[in-house]
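Right, one structure below, let's go through it.
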Amino acid sequence: MKREQVKEQYKWKTEDIFATDEEWENSFKTAESTLDFSKFAGKLDKKEILLEFFRQDDKYSALLDRLGTYAHLRYDEDASVSKYGAYYSKIGALFAKYSTELAFFEPEMAKLDENYLKSLLEDKRFSDYDYVIKKIIKRKPHTISEQEERLIGMAGEIFETFIETFGKIDNLELPLSEIEWEGEKVKLSHGMYGIILHSDNREKRKEAYEKYYNAYTSLINTITSIYYGNVKKDVFISKVYKYGSCLERALFEEDVDKKVYENLLQAVSGSLPSMHRYIKDRKKLLGYDKLYFYDIYAPLVKGADLKLPYDEAYEYVIKGLAPLGKEYQELLRKGHDERWLDVEETDGKRNGAYSTCCPGLHPFVLLNYKPTISDIFTIAHEMGHSLHSHFSNENQPFAKSFYTIFVAEVASTVNEVLLLKYMLNNAKDDNFKKYLLNYYLDTIRATLHRQTMFAEFEYGAHSMAEKGEPLTKDNLCELYAGIGKKYYGEDIEHDFNISCEWARIPHFYRSFYVYKYATGIITAINIANRILTEGVQAVKDYFKFLCGGSSTDPVSLLKLAGVDLTTKQPFDFAMGEFDKTLTEFEKLMGI
Ligand SMILES: [Zn+2]
């Protein structure tokens with residue numbers, strides 16, 4: 001389909017940001033010519049000047065964000081339109097200039113007297129910036145000299161080499177062979193591999209699995225070097241900034257207590273008997289003597305579907321999210337009616353789905369809607385992000401309106417869990433119920449267990465490197481295989497390929513990132529259940545979190561919604577939810 005063929009009501013309203021391209025171009029010129037923060041450098045020790053700096057920066061970055069949002073939305077509509085491609089690169093270059101212009105800020109703030117910084121916290125005029133200032137004070141023990149800072153800055157591009165090189169291999173040069181699929185010979189790709197692994201053709205799954213892993217194992221020495229390089233880089237940086245370990249640095253950056261990480265690993269390890277039971281059930285239900293890793297996504301329940309045209313699907317989501325109250329539902333409707341969403345798949349449009357926010361404006365959502373169950377969940381998911389942005393935007397000053405990665409997947413997943421429970425309660429037949437329970441189990445397995453398993457691996461690899469042990473293909477594969485056996489148990493065949501799985505995970509080049517997926521779903525399961533059992537009070541608490549933006553550290557924000565990740569309780573509850581869902585699934589399946 002061509003974009004011109006799409007009805008206006010299914011296209012997002014980018015005119016809300018800039019009415020015309022000319023307006024964008026004029027604003028861009030203004031932004032380009034007014035980028036000047038030099039008058040503040042060296043003077044941040046004067047309160048008035050610091051305050052003026054903060055305010056000017058708010059104004060300037062809000063303008064940049066609006067320009068950036070418009071450019072990337074227009075670009076994503078159709079990447080073949082070179083005009084917006086040019087907008088996109090122009091704004092990218094301006095962002096880079098802006099961050100160079102502001103490079104003096106952090107080192108200068110870090111050098112300021114602690115009493116001066118603390119006095120800012122008492123001054124009401126600085127209340128929009130108190131969390132930023134608190135973080136600067138907290139970071140003091142980890143500051144280095146200006147000379148050192150400059151050197152690290154210069155090496156920044158070199159540090160990116162590992163992730164870039166892995167990306168080049170993974171996206172361009174991976175020696176993937178061909179496979180025959182639905183009567184056609186196609187080159188195996190990441191997407192194709194996913195499709196085949198989710199199919200019920202076992203022979204094809206096996207073939208795809210072997211061919212896919214062959215591509216990685218044929219490069220295992222190279223990938224080991226790249227990954228080892230990346231870990232060494234982490235160890236180097238954490239030492240330079242005087243952290244006890246790479247993990248300590250990562251958690252410090254997120255402002256997250258180490259207890260949260262420990263609770264996660266402990267709770268998941270303690271709950272593994274239910275995961276082993278699920279694997280055993282899988283083997284039994286598929287009727288295999290031996291279960292392999294290429295059987296792990298094979299469908300267990302067939303013939304269930306919910307095919308709804310977009311408007312009906314959207315209405316269904318609004319109904320499903322009724323426990324969040326009328327205000328929430330009205331906002332969802334507003335988003336639909338006032339064109340926050342870009343719905344249809346068209347030529348040149350970016351694939352997948354996302355939500356993005358624009359300062360002082362409503363959020364925008366990109367979809368490529370197809371009438372499937374998973375796309376109904378996508379609407380709920382992306383609108384979860386959107387309304388989180390909406391509430392934080394409305395209730396926080398600009399400087400605190402953006403939420404951080406640690407809490408980013410909470411609101412989206414709360415919506416998914418609520419919608420799933422609505423679907424389960426309204427399922428017309430047992431087959432659909434079975435499908436949904438299995439969908440829930442697989443979601444938890446992929447987002448909670450699997451990501452925690454990854455977290456254990458990267459923790460192990462970094463610990464080895466920190467102790468000065470070299471990382472080799474053998475000890476990395478041994479480490480991964482050991483963790484895999486612990487997580488999946490005896491009922492699945494742990495072959496050589498799966499011990500090399502670590503070599504194909506792009507996220508490992510952003511160290512200590514994946515555990516946040518696990519804590520996100522754990523929090524969401526807790527919040528959704530609290531809303532369903534406690535009602536109004538739980539919704540009120542949840543809204544406090546939605547309105548919180550980045551006004552304080554993420555763990556405190558989640559406490560507003562009634563989830564305290566420094567205790568074991570929410571972790572145990574989420575693991576219990578998996579076990580309970582499994583029991584229900586087993587009962588319905590008659591096993
Ligand atoms: Zn998301």
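By convention here, the chains of the structure tokens are called A, B, ... in the order presented, each chain's residues are numbered starting at 1, and ligands are numbered starting at 1 in the order presented.
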
Item checked: strand (DSSP E or B) positions in segment 149-375 of chain A, given as a list in words ->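 Of segment 149-375 of chain A, the ones in strand (DSSP E or B) are Glu178, Ile179, Glu180, Trp181, Glu184, Lys185, Val186, Lys187, Leu341, Asp342, Tyr354, Ser355, Thr356, Phe364, Val365 and Leu366 of chain A.
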
Output file for the selection above: N, CA and C atoms, as a short mmCIF file (atom, residue, chain, number, x, y, z; two decimals), in the first residue's frame:
data_model
loop_
_atom_site.label_atom_id
_atom_site.label_comp_id
_atom_site.auth_asym_id
_atom_site.auth_seq_id
_atom_site.Cartn_x
_atom_site.Cartn_y
_atom_site.Cartn_z
N GLU A 178 21.12 -20.54 2.65
CA GLU A 178 19.74 -20.48 2.18
C GLU A 178 18.91 -21.60 2.79
N ILE A 179 17.61 -21.40 2.76
CA ILE A 179 16.71 -22.43 3.25
C ILE A 179 15.45 -22.41 2.38
N GLU A 180 14.89 -23.60 2.17
CA GLU A 180 13.65 -23.62 1.40
C GLU A 180 12.49 -23.43 2.35
N TRP A 181 11.66 -22.44 2.07
CA TRP A 181 10.55 -22.14 2.97
C TRP A 181 9.31 -21.82 2.16
N GLU A 184 9.83 -21.77 -1.56
CA GLU A 184 10.81 -20.84 -2.14
C GLU A 184 12.14 -20.94 -1.43
N LYS A 185 13.22 -20.71 -2.19
CA LYS A 185 14.53 -20.69 -1.56
C LYS A 185 14.78 -19.27 -1.04
N VAL A 186 14.97 -19.13 0.25
CA VAL A 186 15.21 -17.79 0.78
C VAL A 186 16.49 -17.80 1.61
N LYS A 187 17.11 -16.62 1.73
CA LYS A 187 18.28 -16.53 2.58
C LYS A 187 17.79 -16.44 4.03
N LEU A 341 -1.77 8.18 16.40
CA LEU A 341 -1.20 6.94 15.87
C LEU A 341 -1.09 6.92 14.34
N ASP A 342 -0.05 6.28 13.86
CA ASP A 342 0.10 6.02 12.43
C ASP A 342 -0.05 4.51 12.26
N TYR A 354 6.53 1.72 17.85
CA TYR A 354 7.13 2.48 18.96
C TYR A 354 6.22 3.61 19.39
N SER A 355 6.55 4.18 20.53
CA SER A 355 5.86 5.37 21.01
C SER A 355 6.94 6.40 21.29
N THR A 356 6.65 7.65 20.96
CA THR A 356 7.64 8.68 21.24
C THR A 356 6.91 9.92 21.75
N PHE A 364 3.25 10.31 20.14
CA PHE A 364 2.97 9.74 18.82
C PHE A 364 3.31 8.25 18.85
N VAL A 365 2.51 7.47 18.09
CA VAL A 365 2.73 6.02 18.07
C VAL A 365 2.83 5.52 16.63
N LEU A 366 3.86 4.75 16.37
CA LEU A 366 3.97 4.11 15.06
C LEU A 366 3.53 2.65 15.18
#

Note to self: Report as a list of chain:residue names all protein, DNA and RNA residues lying within 10 Å of Glu52 of chain A, evaluated on only C-alpha atoms, omitting residues in the same chain fewer than 6 positions from it.
What the structure shows: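 The residues satisfying every condition are A:Phe40, A:Leu44, A:Asp58.
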
Item checked: Selected residue of minimal separation from ligand 1 among A:Gly42, A:Gly520, A:Gly549, A:Pro506, counting only C-alpha atoms and all ligand atoms ->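 When distances to ligand 1 are compared using only C-alpha atoms and all ligand atoms, the smallest one comes from A:Gly520.
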
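Taking only C-alpha atoms and all ligand atoms into account, ligand 1 has within 8 Å the residues Tyr354, Ser355, His381, Glu382, His385, Ala408, Glu409, Ser412 and Thr413 of chain A.
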
Pull N, CA and C atoms from the residues just selected and write them as a short mmCIF file (atom, residue, chain, number, x, y, z; two decimals), in the first residue's frame.
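File written: out-v8.cif
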data_model
loop_
_atom_site.label_atom_id
_atom_site.label_comp_id
_atom_site.auth_asym_id
_atom_site.auth_seq_id
_atom_site.Cartn_x
_atom_site.Cartn_y
_atom_site.Cartn_z
N TYR A 354 6.53 1.72 17.85
CA TYR A 354 7.13 2.48 18.96
C TYR A 354 6.22 3.61 19.39
N SER A 355 6.55 4.18 20.53
CA SER A 355 5.86 5.37 21.01
C SER A 355 6.94 6.40 21.29
N HIS A 381 0.41 -2.03 24.46
CA HIS A 381 1.79 -1.79 24.89
C HIS A 381 2.23 -0.35 24.56
N GLU A 382 2.08 0.02 23.30
CA GLU A 382 2.56 1.35 22.89
C GLU A 382 1.75 2.47 23.53
N HIS A 385 3.16 3.17 26.94
CA HIS A 385 4.28 4.12 26.89
C HIS A 385 3.75 5.54 26.72
N ALA A 408 11.05 2.28 31.98
CA ALA A 408 10.40 2.52 30.69
C ALA A 408 9.40 1.44 30.29
N GLU A 409 9.67 0.18 30.62
CA GLU A 409 8.78 -0.88 30.15
C GLU A 409 7.69 -1.25 31.15
N SER A 412 3.94 -0.01 29.80
CA SER A 412 3.55 -0.78 28.62
C SER A 412 3.18 -2.21 29.01
N THR A 413 3.95 -2.78 29.95
CA THR A 413 3.68 -4.17 30.32
C THR A 413 2.47 -4.29 31.25
#

Do you have, as a Markdown table, the list of residues of segment 120-191 of chain A lying at most 9 Å from segment 103-110 of chain A, each with its nearest atom pair and that distance in Å to one decimal, counting only C-alpha atoms and ordered by chain then number?
| residue | atom | partner | partner_atom | distance |
| --- | --- | --- | --- | --- |
| A:Ile133 | CA | A:Met109 | CA | 8.8 |
| A:Ile136 | CA | A:Ala110 | CA | 6.2 |
| A:Ile137 | CA | A:Ala110 | CA | 7.3 |
| A:Arg139 | CA | A:Ala110 | CA | 7.6 |
| A:Lys140 | CA | A:Ala110 | CA | 6.0 |
| A:Thr143 | CA | A:Ala110 | CA | 6.9 |
| A:Ile144 | CA | A:Pro107 | CA | 8.6 |
| A:Ser145 | CA | A:Pro107 | CA | 8.6 |
| A:Glu146 | CA | A:Pro107 | CA | 7.1 |
| A:Glu149 | CA | A:Pro107 | CA | 8.0 |

File dump, residues just selected, N, CA and C atoms, as a compact mmCIF listing (two decimals), in the first residue's frame:
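This is the output file result.txt:
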# COMPACT_ATOMS: atom_id res chain seq x y z
N ILE A 133 20.94 17.71 40.56
CA ILE A 133 21.99 18.18 41.48
C ILE A 133 22.38 17.08 42.48
N ILE A 136 24.72 14.79 40.89
CA ILE A 136 26.07 15.37 40.75
C ILE A 136 26.83 15.24 42.08
N ILE A 137 26.14 15.47 43.17
CA ILE A 137 26.79 15.34 44.49
C ILE A 137 27.21 13.89 44.71
N ARG A 139 27.92 11.70 42.59
CA ARG A 139 28.97 11.27 41.66
C ARG A 139 30.36 11.76 42.06
N LYS A 140 30.41 12.69 43.01
CA LYS A 140 31.70 13.31 43.36
C LYS A 140 32.86 12.32 43.56
N THR A 143 34.69 11.30 40.30
CA THR A 143 35.16 12.24 39.28
C THR A 143 36.66 12.09 39.10
N ILE A 144 37.10 12.42 37.92
CA ILE A 144 38.53 12.33 37.61
C ILE A 144 39.01 13.71 37.17
N SER A 145 40.31 13.84 36.98
CA SER A 145 40.82 15.17 36.63
C SER A 145 40.37 15.57 35.23
N GLU A 146 40.46 16.87 34.98
CA GLU A 146 40.04 17.39 33.68
C GLU A 146 40.82 16.74 32.54
N GLU A 149 39.61 13.30 32.05
CA GLU A 149 38.28 13.37 31.43
C GLU A 149 38.41 13.62 29.92

Item checked: Spatial neighbours of Leu557 of chain A, 8 Å, only C-alpha atoms, chain gap at least 5 places, as a list in words ->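 Counting only C-alpha atoms, the residues come to Phe545, Gly548 and Thr552 of chain A.
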
Next item on the list: Tell me, as a list in words, which residues lie within 12 Å of Lys90 of chain A, counting only C-alpha atoms; anything in the same chain fewer than 4 positions away does not count.
Entry: Trp24, Glu25, Phe28, Lys29, Ala31, Glu32, Leu64, Leu67, Gly68, Ala71, His72, Lys83, Tyr84, Gly85, Ala86, Leu94, Phe95, Ala96 and Lys97 of chain A

Check: Which polymer residues have any atom within 10 Å of an atom of Asp474 of chain A, counting only C-alpha atoms, with same-chain residues fewer than 6 positions away left out, as an MDAnalysis selection string?
Finding: chainID A and resid 220:221 224 480 499:500

Notebook entry, point to check: DSSP on the backbone: what in segment 267-428 of chain A comes out alpha helix (DSSP H), as a ChimeraX atom specification?
Noted result: /A:267-270,272-286,310-320,326-337,373-395,405-408,410-425

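Coordinates place atom CA of Phe162 of chain A at a distance of 28.6 Å from atom CA of His494 of chain A.
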
Distance query Val256 of chain A at most 8 Å, only C-alpha atoms, self and fewer than 6 positions along chain excluded, as a compact mmCIF listing (two decimals) with N, CA, C and O atoms, in the first residue's frame:
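Saved to selection.txt:
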# COMPACT_ATOMS: atom_id res chain seq x y z
N ASP A 553 14.83 8.88 41.94
CA ASP A 553 15.44 7.63 41.44
C ASP A 553 14.36 6.60 41.10
O ASP A 553 13.27 6.63 41.67
N PRO A 554 14.64 5.71 40.15
CA PRO A 554 13.59 4.81 39.65
C PRO A 554 12.99 3.89 40.72
O PRO A 554 11.79 3.61 40.68
N VAL A 555 13.81 3.43 41.66
CA VAL A 555 13.27 2.50 42.67
C VAL A 555 12.25 3.24 43.55
O VAL A 555 11.19 2.70 43.88

Notebook entry, point to check: Using only C-alpha atoms, which of A:Met575, A:Val268, A:Ile223, A:Ile237 sits nearest Glu456 of chain A?
Noted result: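 Counting only C-alpha atoms, the residue closest to Glu456 of chain A is A:Val268.
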
Next item on the list: Using only C-alpha atoms, find the one residue out of A:Lys334, A:Arg339, A:Lys434, A:Arg504 that sits nearest to Glu15 of chain A.
Entry: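 Smallest distance to Glu15 of chain A is found for A:Arg339.
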
Checklist line | Selected residue of minimal separation from Asp255 of chain A among A:Gln329, A:Ser189, A:Ser550, A:Asn171, counting only C-alpha atoms | finding: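 For Asp255 of chain A, the nearest of the candidates is A:Ser550.
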
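Nearest-residue note for Leu441 of chain A: choosing from A:Ile527, A:Ala561, A:Ile498, A:Leu300, the minimum distance belongs to A:Leu300, counting only C-alpha atoms.
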
Margin query: Given only C-alpha atoms as the basis, pick out the residue of A:Asn526, A:Ser82, A:Thr165, A:Ser218 nearest to Val417 of chain A.
Written below: A:Asn526

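Around segment 367-371 of chain A, within 9 Å and counting only C-alpha atoms, the residues found are Leu306, Lys307, Leu308, Pro309, Tyr310, Ala313, Leu341, Asp342, Val343, Glu344, Glu345, Thr346, Lys349, Arg350, Asn351, Gly352, Ala353, Tyr354, Ser355, Asp375, Ile376, Thr378, Ile379 and Glu382 of chain A, once anything fewer than 4 positions away on its own chain is removed.
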